Structures are given as C-alpha cells and as structure tokens.
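Chemist: Mind looking over this structure? Questions follow.
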Amino acid sequence: MVRENMLEVLGRIARAAQRAAADPSEIILVAVTKNVGIEGMCGAVDAGMTHIGESKIQEALSKYEQVRAYASAKGIILFWHMVGHLQSNKARDAVRIFDMIHSVDSLRLAREIDRQAAKIGKVQDVLLEVKTSPEITKYGLMPDEVAGVLKETASLDHVDVKGLMTVAPAVHDPQEARSYFRTLKQLSARLNTLRATRYELRMLSMGMTDDFEVAVEEGATVVRIGRGIFGDRKEA
Ligand SMILES: *Cc1c(COP(=O)(O)O)cnc(C)c1O
C-alpha cells in the first residue's frame, strides 16, 4: 500500500513539475511519519523513502534510533526533517537528530539552534517558516520580518538557512492555496535579489497531501506528505 501510494505521489509530482517546466528529480518528497509506528516507517524505507519528516520531537526521538538502525543495516542513509513547531528548549534534541529543521519561526529559536549545534560541532541546515496567510493560529514569521531575521542569522556560524517553508491553511479547493505558495516563492525571489543572505535561498518547502500539486506548480522544491502515503491516521 505504502509503495503504491508513494509511486502515485511521485507520478503526480512529476506531472505537476512538467506543467511548471521544473525538473521533477530536483523535488524532494518528505514522507511525514507522524502517528506512523516503527514498523510502518521501516516499510516506507523498504518502499524507497529516504526523507523522513516528523512534527513532534518526542515522537521522533522515540522512533529515530530503531528506524535509523534498520535503514543503516541495509546500507541506506536517511535524511530526517523536523517539520512541526519547535520550542527553543527542545532545540538540543532536534539538532542531534535532524538534518533539516523546516520550522524556524523566531530569531530566538535560530540562536538557540546555533548554540546547540556549536556544542556538537555541527552546522544545522534550517528553513525559515513564513506565515503566508493572515490566520493568527499559524506559526511563522510575517513575510516582512524575514529579511531582518536573515540579516541576524547571517552571523550565526552553526546555522545555515537553506530556504523558506510555509503551511497553507486547510482549504476545500487546492487552487485556493495557490496564492500562499506564490507569496512564498515571490518572497524568496525578492530576498535573493536583495542578497539578503550569504547564500541563495534555494529550497521552498511547501505542499502537503491536499495541495502538493499546486505547490509544485508554484515552485516547491520540497513537499511534505503524510496521509497521501500512509493513509489517514488518528492522533496517537
Ligand atoms: C502533518 C504535516 C504534514 C503532512 O500532512 P498531510 O496532510 O498528512 O500530508 C506536512 N507538514 C507539516 C508541518 C505537518 O505537520
């Protein structure tokens, strides 16, 4: 089931990329495994998933070692993505296990990640999470705050900002999410033109099960899919 779902999602990504004249091989599919058990995750590894996303640090910690060891025994290296909200006091754990933290939504968090990464001699790849919709419940920086945060993070030696991330609000018609994705893409292009960072912002993490094709059409380089691969899961 997971393999079929994964292949279907990859096919839909490829077709959406074609419509956008993008190279589908450059789009990363992150399998979001929240509420998926260790066995299910190992099944996803067998099906070929190498990018794993988690949204809660405790849940990720409880599964990480076993899944990593399972993959490693097969000669597979997994890339771990933190996609959910991260509190500063959990930065230490996050830096230890995640290759990419998608959800940096404050300078304070970026500084704490830098401090923890420095302790273990790591440069932590991160994305800045941007609130592209006016909904007040969502996490993320306001679009007009991002340039200022980038200016400050430029001096953090153990944090490397690779791009931007957004979560679109739940909508009935995926087309309604298009404007949020476009906002993120345009913001990223503007920041690159302004040379707001040491390096170019290359990654755009946007699109989930209900809206990933629209996100890819709008320039996503990373999509985060849970239900589309694993089916609907109840909160653990
Ligand atoms: C759960 C989650 C996803 C995956 O959502 P689906 O709708 O199951 O594809 C992606 N991104 C974040 C931040 C999430 O919390």
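In the structure tokens, chains take letters A, B, ... by order of appearance, with residues numbered from 1 within each chain and ligands from 1 in the order shown.
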At a cut-off of 10 Å, using only C-alpha atoms, what residues contact segment 83-99 of chain A? Leave out same-chain residues fewer than 4 positions from it and give the result as a PDB file with C-alpha atoms, in the first residue's frame.

Modeler:
```
ATOM      1  CA  VAL A  30       9.470  14.068   2.530  1.00  0.00           C
ATOM      2  CA  VAL A  32       5.774  12.660   7.084  1.00  0.00           C
ATOM      3  CA  LYS A  34       3.827  11.393  12.499  1.00  0.00           C
ATOM      4  CA  HIS A  51      13.476  11.596   3.523  1.00  0.00           C
ATOM      5  CA  ILE A  52      11.562  11.234   6.775  1.00  0.00           C
ATOM      6  CA  GLY A  53       9.562  14.063   8.369  1.00  0.00           C
ATOM      7  CA  GLU A  54       8.344  14.326  11.940  1.00  0.00           C
ATOM      8  CA  SER A  55       6.348  17.082  13.586  1.00  0.00           C
ATOM      9  CA  LYS A  56       6.886  16.335  17.281  1.00  0.00           C
ATOM     10  CA  ILE A  57      10.276  15.977  18.849  1.00  0.00           C
ATOM     11  CA  GLN A  58       9.261  13.397  21.482  1.00  0.00           C
ATOM     12  CA  ALA A  60      10.704  11.487  16.635  1.00  0.00           C
ATOM     13  CA  LEU A  61      13.089  10.602  19.470  1.00  0.00           C
ATOM     14  CA  TYR A  64      14.687   7.543  15.494  1.00  0.00           C
ATOM     15  CA  GLU A  65      17.295   5.044  16.686  1.00  0.00           C
ATOM     16  CA  LEU A  78      18.025   8.537   5.906  1.00  0.00           C
ATOM     17  CA  PHE A  79      17.535  12.298   5.975  1.00  0.00           C
ATOM     18  CA  SER A 103      10.170  25.386  11.238  1.00  0.00           C
ATOM     19  CA  VAL A 104      12.459  28.179  12.442  1.00  0.00           C
ATOM     20  CA  ASP A 105       9.974  30.904  13.259  1.00  0.00           C
ATOM     21  CA  SER A 106      11.931  33.257  15.504  1.00  0.00           C
ATOM     22  CA  ARG A 108      15.428  33.337  19.390  1.00  0.00           C
ATOM     23  CA  LEU A 109      14.995  29.783  18.111  1.00  0.00           C
ATOM     24  CA  ALA A 110      17.652  30.290  15.426  1.00  0.00           C
ATOM     25  CA  ARG A 111      20.109  31.481  18.084  1.00  0.00           C
ATOM     26  CA  GLU A 112      19.363  28.526  20.341  1.00  0.00           C
ATOM     27  CA  ILE A 113      19.830  26.102  17.430  1.00  0.00           C
ATOM     28  CA  ASP A 114      23.152  27.805  16.687  1.00  0.00           C
ATOM     29  CA  ARG A 115      24.244  27.452  20.305  1.00  0.00           C
ATOM     30  CA  GLN A 116      23.333  23.761  20.479  1.00  0.00           C
ATOM     31  CA  ALA A 117      24.831  22.963  17.078  1.00  0.00           C
ATOM     32  CA  ALA A 118      28.089  24.669  18.074  1.00  0.00           C
ATOM     33  CA  LYS A 119      28.336  22.363  21.096  1.00  0.00           C
ATOM     34  CA  ILE A 120      28.381  19.269  18.885  1.00  0.00           C
ATOM     35  CA  LYS A 122      27.533  20.769  13.560  1.00  0.00           C
ATOM     36  CA  VAL A 123      26.239  23.299  11.078  1.00  0.00           C
ATOM     37  CA  GLN A 124      22.464  22.874  11.188  1.00  0.00           C
ATOM     38  CA  ASP A 125      20.540  23.322   7.940  1.00  0.00           C
ATOM     39  CA  VAL A 126      17.278  25.165   8.518  1.00  0.00           C
ATOM     40  CA  LEU A 127      14.398  26.799   6.715  1.00  0.00           C
ATOM     41  CA  GLU A 129       8.839  29.246   8.370  1.00  0.00           C
ATOM     42  CA  LYS A 138      -0.411  29.518  12.413  1.00  0.00           C
ATOM     43  CA  TYR A 139       3.240  29.655  13.365  1.00  0.00           C
ATOM     44  CA  GLY A 140       5.728  31.523  11.283  1.00  0.00           C
ATOM     45  CA  MET A 165       8.806  26.945   4.358  1.00  0.00           C
ATOM     46  CA  THR A 166       5.089  27.551   4.694  1.00  0.00           C
ATOM     47  CA  VAL A 167       1.973  25.682   5.729  1.00  0.00           C
ATOM     48  CA  SER A 205       9.211  23.610   1.420  1.00  0.00           C
ATOM     49  CA  ARG A 224       5.787  17.109   2.878  1.00  0.00           C
TER      50      ARG A 224
END
```

Chemist: Show me, as a PDB file with all heavy atoms, in the first residue's frame, the residues that have an atom within 12 Å of Val171 of chain A when counting only C-alpha atoms, minus same-chain residues fewer than 6 positions from it.

Modeler:
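File produced: around.pdb:
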```pdb
ATOM      1  N   SER A 133      -0.461  33.262   5.216  1.00  0.00           N
ATOM      2  CA  SER A 133      -1.888  33.569   5.304  1.00  0.00           C
ATOM      3  C   SER A 133      -2.113  34.373   6.575  1.00  0.00           C
ATOM      4  O   SER A 133      -1.339  34.263   7.526  1.00  0.00           O
ATOM      5  CB  SER A 133      -2.705  32.276   5.362  1.00  0.00           C
ATOM      6  OG  SER A 133      -2.567  31.679   6.627  1.00  0.00           O
ATOM      7  N   ALA A 177      -5.120  27.445  -2.351  1.00  0.00           N
ATOM      8  CA  ALA A 177      -3.831  27.533  -1.660  1.00  0.00           C
ATOM      9  C   ALA A 177      -2.762  28.179  -2.545  1.00  0.00           C
ATOM     10  O   ALA A 177      -1.690  28.564  -2.076  1.00  0.00           O
ATOM     11  CB  ALA A 177      -3.366  26.140  -1.227  1.00  0.00           C
ATOM     12  N   ARG A 178      -3.071  28.309  -3.818  1.00  0.00           N
ATOM     13  CA  ARG A 178      -2.060  28.778  -4.780  1.00  0.00           C
ATOM     14  C   ARG A 178      -1.440  30.118  -4.378  1.00  0.00           C
ATOM     15  O   ARG A 178      -0.240  30.322  -4.459  1.00  0.00           O
ATOM     16  CB  ARG A 178      -2.675  28.866  -6.185  1.00  0.00           C
ATOM     17  CG  ARG A 178      -1.649  29.142  -7.275  1.00  0.00           C
ATOM     18  CD  ARG A 178      -2.293  29.173  -8.664  1.00  0.00           C
ATOM     19  NE  ARG A 178      -2.866  27.908  -9.084  1.00  0.00           N
ATOM     20  CZ  ARG A 178      -2.163  26.892  -9.609  1.00  0.00           C
ATOM     21  NH1 ARG A 178      -0.856  27.010  -9.772  1.00  0.00           N
ATOM     22  NH2 ARG A 178      -2.756  25.770  -9.965  1.00  0.00           N
ATOM     23  N   SER A 179      -2.275  31.040  -3.934  1.00  0.00           N
ATOM     24  CA  SER A 179      -1.758  32.389  -3.649  1.00  0.00           C
ATOM     25  C   SER A 179      -0.746  32.364  -2.495  1.00  0.00           C
ATOM     26  O   SER A 179       0.194  33.155  -2.478  1.00  0.00           O
ATOM     27  CB  SER A 179      -2.903  33.349  -3.346  1.00  0.00           C
ATOM     28  OG  SER A 179      -3.535  32.957  -2.150  1.00  0.00           O
ATOM     29  N   TYR A 180      -0.917  31.427  -1.545  1.00  0.00           N
ATOM     30  CA  TYR A 180       0.030  31.354  -0.429  1.00  0.00           C
ATOM     31  C   TYR A 180       1.393  30.854  -0.915  1.00  0.00           C
ATOM     32  O   TYR A 180       2.434  31.338  -0.496  1.00  0.00           O
ATOM     33  CB  TYR A 180      -0.515  30.443   0.680  1.00  0.00           C
ATOM     34  CG  TYR A 180      -1.908  30.835   1.118  1.00  0.00           C
ATOM     35  CD1 TYR A 180      -3.000  29.996   0.915  1.00  0.00           C
ATOM     36  CD2 TYR A 180      -2.125  32.080   1.704  1.00  0.00           C
ATOM     37  CE1 TYR A 180      -4.270  30.384   1.293  1.00  0.00           C
ATOM     38  CE2 TYR A 180      -3.402  32.472   2.086  1.00  0.00           C
ATOM     39  CZ  TYR A 180      -4.465  31.620   1.873  1.00  0.00           C
ATOM     40  OH  TYR A 180      -5.726  32.006   2.241  1.00  0.00           O
ATOM     41  N   MET A 208       1.337  19.856   0.957  1.00  0.00           N
ATOM     42  CA  MET A 208       1.031  18.663   1.740  1.00  0.00           C
ATOM     43  C   MET A 208       0.052  17.813   0.918  1.00  0.00           C
ATOM     44  O   MET A 208      -0.170  18.084  -0.255  1.00  0.00           O
ATOM     45  CB  MET A 208       0.447  19.088   3.099  1.00  0.00           C
ATOM     46  CG  MET A 208       1.450  19.946   3.854  1.00  0.00           C
ATOM     47  SD  MET A 208       0.917  20.922   5.283  1.00  0.00           S
ATOM     48  CE  MET A 208      -0.246  19.904   6.126  1.00  0.00           C
ATOM     49  N   THR A 209      -0.500  16.779   1.535  1.00  0.00           N
ATOM     50  CA  THR A 209      -1.330  15.837   0.778  1.00  0.00           C
ATOM     51  C   THR A 209      -2.406  16.522  -0.081  1.00  0.00           C
ATOM     52  O   THR A 209      -2.597  16.154  -1.233  1.00  0.00           O
ATOM     53  CB  THR A 209      -1.995  14.838   1.755  1.00  0.00           C
ATOM     54  OG1 THR A 209      -0.960  14.074   2.364  1.00  0.00           O
ATOM     55  CG2 THR A 209      -2.962  13.907   1.028  1.00  0.00           C
ATOM     56  N   ASP A 210      -3.071  17.515   0.490  1.00  0.00           N
ATOM     57  CA  ASP A 210      -4.215  18.092  -0.224  1.00  0.00           C
ATOM     58  C   ASP A 210      -3.843  19.148  -1.262  1.00  0.00           C
ATOM     59  O   ASP A 210      -4.695  19.562  -2.042  1.00  0.00           O
ATOM     60  CB  ASP A 210      -5.202  18.706   0.786  1.00  0.00           C
ATOM     61  CG  ASP A 210      -5.861  17.631   1.636  1.00  0.00           C
ATOM     62  OD1 ASP A 210      -6.030  16.494   1.137  1.00  0.00           O
ATOM     63  OD2 ASP A 210      -6.192  17.925   2.799  1.00  0.00           O
ATOM     64  N   ASP A 211      -2.615  19.607  -1.238  1.00  0.00           N
ATOM     65  CA  ASP A 211      -2.311  20.750  -2.110  1.00  0.00           C
ATOM     66  C   ASP A 211      -0.928  20.693  -2.769  1.00  0.00           C
ATOM     67  O   ASP A 211      -0.465  21.682  -3.314  1.00  0.00           O
ATOM     68  CB  ASP A 211      -2.469  22.065  -1.312  1.00  0.00           C
ATOM     69  CG  ASP A 211      -1.611  22.093  -0.041  1.00  0.00           C
ATOM     70  OD1 ASP A 211      -0.620  21.347   0.023  1.00  0.00           O
ATOM     71  OD2 ASP A 211      -1.948  22.865   0.873  1.00  0.00           O
TER      72      ASP A 211
END
```

Chemist: Within 12 Å of Gly231 of chain A, counting only C-alpha atoms, which residues qualify if same-chain residues fewer than 4 places away don't, as a ChimeraX atom specification?

Modeler: /A:1-6,31-36,40,209,225-227

Chemist: So which residues of segment 124-197 of chain A fall under alpha helix (DSSP H) by DSSP, listed as a PyMOL selection string?

Modeler: chain A and resi 146-153+178-193

Chemist: Next, the residues of the selection above should be written as a CSV table (one decimal), in the first residue's frame with C-alpha atoms.

Modeler:
```csv
chain,number,residue,atom,x,y,z
A,146,VAL,CA,12.1,37.6,7.1
A,147,ALA,CA,14.8,40.0,5.7
A,148,GLY,CA,15.6,41.2,9.2
A,149,VAL,CA,15.9,37.7,10.6
A,150,LEU,CA,18.2,36.7,7.7
A,151,LYS,CA,20.4,39.6,8.4
A,152,GLU,CA,20.8,38.4,12.0
A,153,THR,CA,21.2,34.7,11.2
A,178,ARG,CA,-2.1,28.8,-4.8
A,179,SER,CA,-1.8,32.4,-3.6
A,180,TYR,CA,0.0,31.4,-0.4
A,181,PHE,CA,2.6,29.3,-2.3
A,182,ARG,CA,3.1,32.1,-4.8
A,183,THR,CA,3.6,34.6,-1.9
A,184,LEU,CA,6.4,32.3,-0.6
A,185,LYS,CA,8.1,31.9,-4.0
A,186,GLN,CA,8.0,35.7,-4.6
A,187,LEU,CA,9.4,36.4,-1.2
A,188,SER,CA,12.2,34.0,-1.8
A,189,ALA,CA,13.0,35.6,-5.2
A,190,ARG,CA,12.9,39.1,-3.7
A,191,LEU,CA,15.3,38.1,-0.9
A,192,ASN,CA,17.7,36.5,-3.3
A,193,THR,CA,17.6,39.7,-5.5
```

Chemist: Residues within 10 Å of Arg68 of chain A, please, as a compact mmCIF listing (two decimals) with C-alpha atoms, in the first residue's frame. Count only C-alpha atoms; anything in the same chain fewer than 6 positions from it doesn't count.

Modeler:
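Result file follows (part.txt):
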```
# COMPACT_ATOMS: atom_id res chain seq x y z
CA MET A 41 8.35 3.55 8.90
CA CYS A 42 10.56 0.58 8.14
CA VAL A 45 12.17 2.63 3.97
CA ILE A 76 20.55 3.26 3.43
CA ILE A 77 21.16 6.69 4.90
CA LEU A 78 18.03 8.54 5.91
CA PHE A 79 17.53 12.30 5.97
CA TRP A 80 15.49 13.49 8.91
```
